[in-house]
Every structure is written in structure tokens, then in C-alpha cells.
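Report on the following structure.
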Amino acid sequence: MADMSGFKVAKDFHVSEPVQTSGEFYVKGANNLDWGMKRHLSHIFNPKSGHTEMFAFDHGYFMGPTSGLERLDLIIPKIAPYVDSLMATRGAFRSTIDPAYGKGLVLRASAGSSMLQDDLSKEVLAVDIKDAVRLGADAIAIQSFIGADGQLQSIDNVSRGINLGYEYGIPVVGVVAVGKKMERTDRFFKLATRIMAELGANIVKSYDCENFDEVVAGCPVPIVVAGGKKLRESEALELVDRVMSQGAAGVDMGRNIFQSLHPSEMAEAVGKIVHEGFSAKEAIEFYEDAIHPAK
Ligand code: 5RP
């Protein structure tokens with residue numbers, strides 16, 4: 001209890017000034033969420049730009065030690081300072097990430113297949129929500145396989161995750177999966193992103209496609225865009241510019257950052273587009289200057 005000596009009676013209530021309540025929340029579709037959910041989202045989406053550069057390095061959950069991610073302990077600390085949030089498995093977080101890392105944590109929560117299989121669409125919800133709470137996760141990411149054999153199971157995973165997310169105050173990222181046999185058309189992405197949002201996902205992870213602006217318009221929550229297979233740095237930065245200028249709320253990029261020869265500089269260049277409105281050309285110049293500093 002506070003020491004009462006010198007206690008002053010409260011009298012300065014500024015009665016002529018209307019009481020301020022917090023205004024509209026800046027993350028798309030999140031205004032009616034609970035305060036704690038909004039707080040988690042504010043760890044992922046930068047409150048100044050409203051956007052996020054999420055860095056995905058959860059590939060090992062079905063691919064094993066992918067090129068570039070052979071040693072999480074060596075690569076992740078080079079990139080983590082330049083991004084807003086990390087997307088990974090609980091094994092990677094607990095073994096590799098400093099608990100003092102103060103930015104967003106997005107926990108990959110579905111699993112069940114490996115690259116030894118042809119059909120990767122069959123997953124389960126692999127993380128107990130209480131462990132997500134123990135980890136301090138700001139969101140859990142659950143994959144959906146719309147149009148694939150595993151669709152029903154994946155929708156069950158996403159729906160159960162969302163029910164638990166609301167119960168425990170943790171947002172859900174609905175991850176739209178693409179597979180060898182799956183369409184990559186705007187028709188598919190409009191369908192899949194909208195299903196995720198209607199099920200209650202708070203963020204949707206999807207891909208660049210034709211008419212991406214229409215995919216964004218039809219999805220009432222923020223879309224973050226995966227990078228996909230490794231491109232030249234200039235092409236990857238063009239992809240970021242293209243989707244951001246069509247309304248993406250950010251990127252969730254993996255290989256195009258961790259497989260770059262200069263991952264820190266690449267992460268920083270992506271952030272210039274995501275947060276500072278750099279064009280692709282400006283970001284490419286920034287990247288080139290960063291990797292070849294003037295002598
Ligand atoms: C797979 C994922 C991965 O995290 C994501 O696709 C990785 O990012 P990138 O494609 O940019 O390497 O969610 O479902």
C-alpha cells in the first residue's frame with residue numbers, strides 16, 4: 001500500500017474537458033475486438049505505419065533444415081532487429097529467440113505433414129492454446145487448404161484455433177496454403193481469404209495474384225503476403241511494392257530474406273517499402289547502397 005504521509009486530496013478533475021476514450025483502432029476489421037487482442041495486434045502491426053514486416057522462418061516444421069535456415073541461431077539474430085514480427089514454431093522460439101525480443105511473435109500452430117509426402121494438406125492443430133499463452137504469442141498461425149483433400153480438417157483446425165483465440169485473447173492468422181495442384185488465381189485467393197476472414201481469422205496470409213486489390217477489398221481483415229520461392233532481390237522488392245500499393249497490410253516473407261546473400265540489408269530494404277512508402281526502385285537503390293557502401 002502507498003505511504004499515506006503527505007497525501008493530497010484529488011481535486012483537479014478538468015470538468016470542462018470531455019473525457020477522451022480511445023478512438024478507432026488502426027488495424028482493419030479489429031475495432032470491435034477486446035483490448036487485449038488489439039494490444040497483441042499492435043505488437044505485429046506498427047502503430048505508425050499501420051503495416052507489418054513479418055519474417056517467416058517456420059519452414060522446418062515440414063521441410064526440415066531448409067537452405068538458409070540450417071542454423072537458426074546464426075541467421076535469425078541478423079534479421080530479427082529489422083522486422084516487426086517473427087513467425088515460427090514454438091521449438092524455434094524457445095530454442096533460438098531471446099525472450100527479451102520485444103516485437104511481435106506469431107506462433108505456427110498447425111502441422112502434420114512433411115516433404116516426404118505428395119499431399120501436404122492434412123494437418124492438425126498441433127499447439128495447445130495454453131502454451132501459446134505461456135510463450136506470450138501475439139497470434140497463432142493456422143493453415144487452411146481450400147480445395148484440397150485436407151480442406152475439412154484444416155477448416156476444423158482454423159475454427160478451433162479461432163474459438164480458443166477468442167477465449168484466451170490471442171489473434172489468429174489464417175494461412176492460405178497453395179500446393180502443386182492448387183489454383184493460384186484471383187478467384188481462388190478471393191475465395192480462400194474471405195473464408196478465413198468469415199471464420200473469424202484476424203489476419204490472413206495469402207499470395208500476390210492478378211487483381212490483388214480486389215482480393216484485399218473483399219477481405220475485411222488485413223492481408224499479409226508471403227514471399228514464396230526465392231527471387232532476385234530486385235524482383236522480390238518489386239513484389240513487395242506491388243502488393244503494398246494494392247492494399248496489403250504487410251508481408252510475411254521468408255526465403256526472399258533468409259536466402260538472400262545479404263539478409264539484414266534485404267530485411268531493411270523490405271521495411272523501407274512497407275513502412276516508409278519507398279518505391280521498388282528506391283528500395284533497390286537502398287539495398288545496393290547498403291551492400292556496396294561508398295568508400
Ligand atoms: C507456409 C508458410 C511459410 O511461413 C511461408 O510460406 C514462408 O514464407 P516464404 O514463402 O516467403 O518463404 O506459412 O505455409
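Simple scheme: letters A, B, ... for chains in C-alpha cells order, numbers from 1 for residues in each chain, numbers from 1 for ligands in the order shown.
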
* Asked: Got a sec to tell me which of region 15-230 of chain A DSSP assigns to alpha helix (DSSP H), as number ranges by chain?
  -> A: 35-44, 60-63, 72-79, 90-96, 129-135, 151-168, 186-199, 212-217

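Near ligand 1, the residues found within 6 Å are A:Ala56, A:Phe57, A:Asp58, A:His59, A:Ala177, A:Ala226, A:Gly227, A:Gly228, A:Lys229, A:Met253, A:Gly254, A:Arg255 (criterion computed using only C-alpha atoms and all ligand atoms).
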
* To do: Rank A:Ala192, A:Ala280, A:Val83, A:Ala197 by their smallest atom-to-atom distance to Glu53 (chain A), using only C-alpha atoms, and report the top residue only.
  =>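 The closest residue to Glu53 (chain A) is A:Val83.
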
* Identify, on the basis of only C-alpha atoms, every residue whose closest approach to Ala141 (chain A) does not exceed 9 Å; exclude the query and any residue fewer than 4 positions from it along the same chain; express the result as a PyMOL selection string. => chain A and resi 87+106-110+158+161+171-175+205

With C-alpha atoms retained, write the just-selected residues as a PDB file, in the first residue's frame.
ATOM      1  CA  MET A  87       6.597 -16.195 -37.465  1.00  0.00           C
ATOM      2  CA  VAL A 106       3.396 -15.255 -34.442  1.00  0.00           C
ATOM      3  CA  LEU A 107       3.322 -18.889 -33.473  1.00  0.00           C
ATOM      4  CA  ARG A 108       2.880 -21.556 -36.176  1.00  0.00           C
ATOM      5  CA  ALA A 109       0.253 -23.802 -34.635  1.00  0.00           C
ATOM      6  CA  SER A 110      -0.704 -26.324 -37.329  1.00  0.00           C
ATOM      7  CA  VAL A 158      -8.713 -22.962 -38.075  1.00  0.00           C
ATOM      8  CA  GLY A 161      -7.981 -22.183 -33.132  1.00  0.00           C
ATOM      9  CA  PRO A 171      -5.491 -13.280 -32.575  1.00  0.00           C
ATOM     10  CA  VAL A 172      -5.371 -15.897 -35.322  1.00  0.00           C
ATOM     11  CA  VAL A 173      -3.556 -15.695 -38.640  1.00  0.00           C
ATOM     12  CA  GLY A 174      -5.445 -17.775 -41.217  1.00  0.00           C
ATOM     13  CA  VAL A 175      -2.736 -19.017 -43.565  1.00  0.00           C
ATOM     14  CA  LYS A 205      -1.766 -14.641 -45.029  1.00  0.00           C
TER      15      LYS A 205
END

* Shell around Ser22 (chain A) at 12 Å using only C-alpha atoms, local window under 6 positions removed, as number ranges by chain -> A: 31, 35, 38

* Asked: When you draw a straight line from CA of Asp84 (chain A) to CA of His51 (chain A), how long is it in Å?
  ->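 Straight-line distance from CA of Asp84 (chain A) to CA of His51 (chain A) works out to 8.9 Å.
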
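For the residues A:Phe145, A:Phe93, A:Tyr168, A:Tyr61, ranking by smallest atom-to-atom distance to Ala111 (chain A) using only C-alpha atoms places A:Tyr61 first.
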
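Closest approach to Asp149 (chain A) among A:Ala80, A:Val215, A:Leu120, A:Ala137 is made by A:Leu120 (distances from only C-alpha atoms).
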
* **Which of region 168-204 of chain A fall in strand (DSSP E or B), as a list in words** => Val172, Val173, Gly174, Val175, Val176, Ile203 and Val204 of chain A

I need the residues from that last selection saved to file as a compact mmCIF listing (two decimals), in the first residue's frame (with N, CA and C atoms), if you can.
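Result file part-v1.txt:
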# COMPACT_ATOMS: atom_id res chain seq x y z
N VAL A 172 -5.72 -14.76 -34.45
CA VAL A 172 -5.37 -15.90 -35.32
C VAL A 172 -5.01 -15.39 -36.72
N VAL A 173 -3.91 -15.93 -37.24
CA VAL A 173 -3.56 -15.69 -38.64
C VAL A 173 -4.05 -16.92 -39.42
N GLY A 174 -4.98 -16.70 -40.33
CA GLY A 174 -5.45 -17.77 -41.22
C GLY A 174 -4.51 -17.83 -42.41
N VAL A 175 -3.76 -18.91 -42.51
CA VAL A 175 -2.74 -19.02 -43.57
C VAL A 175 -3.35 -19.74 -44.77
N VAL A 176 -3.41 -19.06 -45.89
CA VAL A 176 -3.93 -19.68 -47.11
C VAL A 176 -2.79 -20.46 -47.76
N ILE A 203 -6.13 -11.96 -39.09
CA ILE A 203 -5.16 -11.61 -40.13
C ILE A 203 -5.21 -12.77 -41.13
N VAL A 204 -5.04 -12.47 -42.41
CA VAL A 204 -4.97 -13.55 -43.39
C VAL A 204 -3.65 -13.46 -44.13

* Considering only C-alpha atoms, return as a PyMOL selection string whatever protein or nucleic-acid residues lie within 10 Å of Ala290 (chain A), sequence-local ones (same chain, fewer than 3 positions apart) excluded. => chain A and resi 262+264-266+268-269+284-287+293-294

* To do: Report the distance between CA of Ser85 (chain A) and CA of Val240 (chain A) in Å, rounded to one decimal place.
  =>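 Between CA of Ser85 (chain A) and CA of Val240 (chain A) the gap works out to 16.4 Å.
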
* **Among listed residues A:Asp73, A:Glu288, A:Asp252, A:Asp118, nearest Phe55 (chain A) (using only C-alpha atoms)** => A:Asp252

* Pick out the closest residue to Phe212 (chain A) from this set: A:Val225, A:Ala2, A:Leu41, A:Val127. Count only C-alpha atoms. =>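 Looking at the shortest contact to Phe212 (chain A), the residue is A:Val225.
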
* To do: Using only C-alpha atoms, pick whichever of A:Tyr101, A:Phe62, A:Tyr166, A:Phe13 has the shortest atom-to-atom distance to Asp34 (chain A).
  =>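 Under the stated criterion, the closest residue is A:Tyr166.
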
* Rounded to one decimal in Å, what is the spacing between CA of Asp186 (chain A) and CA of Glu210 (chain A)? ->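 CA of Glu210 (chain A) lies 5.8 Å from CA of Asp186 (chain A).
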